[in-house]
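Colleague: To be precise about what I am sending: the file is called start30.cif and holds mmCIF, C-alpha atoms.
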data_run
loop_
_atom_site.label_atom_id
_atom_site.label_comp_id
_atom_site.auth_asym_id
_atom_site.auth_seq_id
_atom_site.Cartn_x
_atom_site.Cartn_y
_atom_site.Cartn_z
CA HIS A 485 -0.46 29.44 24.73
CA ASP A 486 3.22 29.18 24.05
CA ASP A 487 4.83 30.17 20.74
CA ASN A 488 5.45 26.56 19.73
CA SER A 489 1.83 25.37 19.71
CA ARG A 490 0.49 24.20 16.36
CA VAL A 491 -2.84 23.56 14.73
CA TYR A 492 -3.07 20.80 12.11
CA HIS A 493 -5.84 20.40 9.57
CA LEU A 494 -5.83 17.23 7.51
CA GLY A 495 -8.04 16.57 4.51
CA THR A 496 -8.15 13.22 2.74
CA THR A 497 -9.86 12.13 -0.46
CA GLY A 498 -9.80 8.64 -1.94
CA LEU A 499 -11.43 7.27 -5.08
CA PHE A 500 -11.32 3.61 -6.15
CA ALA A 501 -12.37 1.96 -9.40
CA GLN A 502 -12.04 -1.59 -10.70
CA TYR A 503 -12.90 -3.32 -13.97
CA LEU A 504 -13.33 -7.12 -14.32
CA VAL A 505 -13.46 -8.94 -17.63
CA GLU A 506 -13.60 -12.60 -18.71
CA PRO A 507 -12.03 -12.53 -22.18
CA MET A 508 -12.36 -16.33 -22.50
CA PRO A 509 -13.70 -19.20 -20.40
CA ARG A 510 -11.62 -19.81 -17.26
CA VAL A 511 -9.74 -16.48 -17.49
CA VAL A 512 -10.56 -13.44 -15.33
CA LEU A 513 -8.62 -10.18 -15.67
CA SER A 514 -8.93 -7.26 -13.31
CA ALA A 515 -7.58 -3.70 -13.53
CA GLY A 516 -8.17 -1.10 -10.91
CA GLY A 517 -6.69 1.73 -9.00
CA ARG A 518 -7.04 4.13 -6.16
CA TYR A 519 -6.41 7.88 -6.31
CA ASP A 520 -5.55 9.54 -3.01
CA ARG A 521 -5.13 13.22 -2.16
CA LEU A 522 -3.90 14.38 1.22
CA ASP A 523 -4.01 18.07 2.20
CA LEU A 524 -2.18 19.26 5.31
CA ASP A 525 -2.29 22.74 6.84
CA ASN A 526 0.06 23.36 9.75
CA THR A 527 -0.42 26.72 11.51
CA ARG A 528 1.69 28.01 14.38
CA ASP A 529 0.40 30.46 16.96
CA GLY A 530 2.85 33.00 15.58
CA GLY A 531 0.88 32.97 12.31
CA ALA A 532 3.34 31.01 10.17
CA LYS A 533 1.44 28.58 7.98
CA LEU A 534 2.70 25.60 6.02
CA GLU A 535 0.37 24.12 3.42
CA THR A 536 1.22 20.99 1.47
CA ASP A 537 -0.58 18.28 -0.44
CA PHE A 538 0.26 14.83 -1.76
CA ASN A 539 -1.40 13.04 -4.67
CA SER A 540 -0.90 9.47 -5.75
CA PHE A 541 -2.45 6.87 -8.01
CA SER A 542 -2.05 3.27 -6.84
CA PRO A 543 -2.71 0.70 -9.61
CA LYS A 544 -3.75 -2.92 -9.15
CA LEU A 545 -3.70 -5.58 -11.89
CA SER A 546 -4.53 -9.27 -11.59
CA ALA A 547 -5.12 -12.35 -13.71
CA THR A 548 -6.78 -15.61 -12.65
CA TYR A 549 -6.93 -18.88 -14.54
CA ARG A 550 -9.37 -21.60 -13.42
CA LEU A 551 -7.46 -24.90 -13.73
CA VAL A 552 -10.43 -26.91 -12.50
CA ASP A 553 -13.73 -25.12 -12.96
CA ALA A 554 -16.69 -25.95 -10.72
CA ALA A 555 -18.98 -24.56 -13.45
CA GLY A 556 -21.61 -23.31 -11.00
CA SER A 557 -21.79 -26.57 -9.05
CA ALA A 558 -20.95 -26.58 -5.34
CA ASP A 559 -20.32 -30.34 -5.55
CA ARG A 560 -17.28 -29.98 -7.82
CA PRO A 561 -13.86 -28.77 -6.68
CA SER A 562 -12.32 -25.61 -8.07
CA VAL A 563 -8.62 -24.80 -8.46
CA ASN A 564 -7.33 -21.39 -9.57
CA ILE A 565 -3.88 -19.93 -10.19
CA TYR A 566 -3.42 -16.18 -10.09
CA GLY A 567 -0.92 -13.36 -10.38
CA LEU A 568 -1.22 -9.85 -8.99
CA TYR A 569 0.65 -6.53 -9.05
CA SER A 570 -0.24 -3.59 -6.83
CA ARG A 571 1.36 -0.32 -5.80
CA ALA A 572 0.63 1.77 -2.74
CA PHE A 573 1.99 4.89 -1.09
CA LEU A 574 2.42 6.14 2.45
CA PRO A 575 2.37 9.93 2.88
CA PRO A 576 5.29 11.55 4.73
CA ARG A 577 5.00 12.40 8.38
CA ARG A 578 7.18 13.93 11.07
CA PRO A 579 8.48 10.71 12.66
CA SER A 580 10.16 12.05 15.79
CA SER A 581 9.80 14.73 18.42
CA LEU A 582 13.61 14.99 18.45
CA ILE A 583 13.46 17.28 15.40
CA PRO A 584 13.61 21.04 15.97
CA ALA A 585 10.26 22.70 15.19
CA ASP A 586 11.85 25.17 12.75
CA VAL A 587 13.49 22.49 10.56
CA PRO A 588 11.61 22.20 7.25
CA LEU A 589 11.00 18.65 6.13
CA SER A 590 11.40 17.75 2.48
CA LEU A 591 10.09 14.21 2.73
CA GLU A 592 8.45 12.44 -0.18
CA PRO A 593 5.80 9.71 0.08
CA GLU A 594 7.04 6.15 0.55
CA ASP A 595 6.20 3.71 -2.26
CA ILE A 596 5.35 0.02 -1.95
CA ASP A 597 5.38 -2.33 -4.95
CA ASN A 598 3.85 -5.79 -4.44
CA TYR A 599 3.98 -8.84 -6.72
CA GLU A 600 2.34 -12.14 -5.86
CA GLY A 601 1.30 -15.37 -7.46
CA GLY A 602 -0.45 -18.36 -6.08
CA LEU A 603 -2.93 -21.18 -6.05
CA LYS A 604 -6.39 -21.27 -4.46
CA ALA A 605 -8.61 -24.33 -4.24
CA SER A 606 -12.04 -25.20 -2.89
CA LEU A 607 -12.83 -28.85 -2.12
CA LEU A 608 -15.42 -31.06 -0.40
CA GLN A 609 -18.43 -29.10 -1.60
CA ASN A 610 -16.75 -25.77 -0.64
CA ARG A 611 -16.20 -26.91 2.96
CA LEU A 612 -12.40 -26.88 2.59
CA ALA A 613 -10.37 -24.01 1.14
CA LEU A 614 -6.63 -24.19 0.47
CA GLU A 615 -4.25 -21.48 -0.66
CA ALA A 616 -0.54 -20.95 -1.24
CA THR A 617 0.97 -17.62 -2.30
CA TYR A 618 4.49 -16.42 -3.10
CA PHE A 619 5.00 -12.66 -2.63
CA TRP A 620 7.76 -10.14 -3.27
CA MET A 621 7.42 -6.59 -1.95
CA LYS A 622 9.68 -3.55 -2.25
CA HIS A 623 9.16 -0.59 0.11
CA SER A 624 11.22 2.38 -1.11
CA GLY A 625 11.66 5.90 0.24
CA VAL A 626 11.52 4.62 3.82
CA VAL A 627 12.15 7.42 6.30
CA LEU A 628 15.45 7.12 8.13
CA SER A 629 16.81 9.52 10.75
CA GLN A 630 20.29 10.96 10.26
CA ARG A 631 21.93 12.49 13.28
CA GLN A 632 23.01 16.13 12.98
CA GLY A 633 24.41 17.36 16.28
CA ALA A 634 21.87 16.73 19.01
CA PHE A 635 19.01 16.25 16.55
CA PHE A 636 17.80 13.53 14.16
CA ILE A 637 16.81 14.77 10.69
CA PRO A 638 14.54 12.44 8.61
CA THR A 639 15.39 11.53 5.00
CA ASN A 640 13.81 9.23 2.40
CA ASP A 641 16.94 7.07 2.03
CA GLY A 642 15.69 3.67 3.17
CA GLU A 643 14.55 0.59 1.28
CA GLN A 644 13.04 -2.64 2.58
CA LEU A 645 12.55 -5.87 0.63
CA TYR A 646 10.15 -8.60 1.68
CA ARG A 647 9.55 -11.97 0.11
CA GLY A 648 7.96 -15.12 1.31
CA ILE A 649 5.34 -17.79 1.06
CA GLU A 650 1.95 -17.71 2.75
CA THR A 651 -0.27 -20.74 3.08
CA GLY A 652 -3.72 -21.21 4.50
CA VAL A 653 -6.40 -23.78 5.14
CA SER A 654 -9.94 -22.96 6.21
CA MET A 655 -12.98 -25.09 6.86
#
Translate this file's structure into structure tokens.
Modeller:
Amino acid sequence: HDDNSRVYHLGTTGLFAQYLVEPMPRVVLSAGGRYDRLDLDNTRDGGAKLETDFNSFSPKLSATYRLVDAAGSADRPSVNIYGLYSRAFLPPRRPSSLIPADVPLSLEPEDIDNYEGGLKASLLQNRLALEATYFWMKHSGVVLSQRQGAFFIPTNDGEQLYRGIETGVSM
């Protein structure tokens, strides 16, 4: 054993719930969320112990409108438009071995916000499925490494933006 060995204990808990409702014909609304708890114990051989936990609730909301409703018949096509918002988090972690072991990290979880809207269709007696989706995603609190002398110290200063269009066809 050397004095720099560590023992990590990680506990995770996740709970998910979702509620669907059809307030009128052709409209489906969904609300849900996930609660996560992460417990981390980090013990050094010298007896020093660091305990930390992270909690987060990640909501998800969506709405779908059936433009063309198959009404329970596989012979008829269906066409739906939808919109969705979701949020997620990524717990902090020690991203590099180039950080001195005695440097305390004050990292926060990274957050991801996602918006999307699109069209989904089913044709030819459900043998052909088509979809097109526009998405916009913002990832904030991204861990960046700032150089301090010979070491790199992580901070939550980064942000990434994603946007695009996804399409798909399946048979």
Colleague: Show which residues sit within 7 Å of range 516-525 of chain A, as a list in words. Count only C-alpha atoms, and ignore same-chain residues fewer than 3 positions away.
Modeller: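 That gives Tyr492, His493, Leu494, Gly495, Thr496, Thr497, Gly498, Leu499, Phe500, Ala501, Gln502, Tyr503, Leu534, Glu535, Thr536, Asp537, Phe538, Asn539, Ser540, Phe541, Ser542, Pro543, Lys544 and Leu545 of chain A.
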Colleague: Give me the residues within 7 Å of Leu607 in chain A as a ChimeraX atom specification, counting all atoms listed in the file and dropping any in the same chain fewer than 3 places off.
Modeller: /A:561-562,610-613
Colleague: Which is closer to Ala547 in chain A than all the others in A:Val626, A:Ala515, A:Leu574, A:Ala616, using only C-alpha atoms?
Modeller: A:Ala515
Colleague: Which distance in Å separates CA of Glu594 in chain A and CA of Pro638 in chain A, to one decimal?
Modeller: 12.7 Å
Colleague: Pick from A:Ala605, A:Leu504, A:Val511, A:Ile596: nearest to Gly625 in chain A, with only C-alpha atoms counted?
Modeller: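 Counting only C-alpha atoms, the residue closest to Gly625 in chain A is A:Ile596.
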Colleague: Do you have the CA of Leu603 in chain A-CA of Tyr569 in chain A distance handy?
Modeller: 15.4 Å
Colleague: Which polymer residues have any atom within 12 Å of an atom of Tyr646 in chain A, counting all atoms listed in the file, with same-chain residues fewer than 3 positions away left out, as a PyMOL selection string?
Modeller: chain A and resi 596-600+618-624+643+649
Colleague: Do you know which residues lie at most 10 Å from (-2.7, -19.2, 7.3), with coordinates as in the file and all atoms listed in the file counted, and could you write them as a PyMOL selection string?
Modeller: chain A and resi 614-616+650-654
Colleague: CA of Thr639 in chain A and CA of Ser590 in chain A, how far apart in Å?
Modeller: 7.8 Å
Colleague: Calculated over all atoms listed in the file, which of the candidates A:Arg510, A:Arg571, A:Arg647, A:Lys604 has the smallest distance to Asp553 in chain A?
Modeller: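 Comparing A:Arg510, A:Arg571, A:Arg647, A:Lys604 against Asp553 in chain A, the winner is A:Arg510.
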Colleague: Point out the residue among A:Ile637, A:Met508, A:Ala572, A:Leu591 with the least atom-to-atom distance to Tyr549 in chain A, counting only C-alpha atoms.
Modeller: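 Among A:Ile637, A:Met508, A:Ala572, A:Leu591, it is A:Met508 that comes nearest to Tyr549 in chain A.
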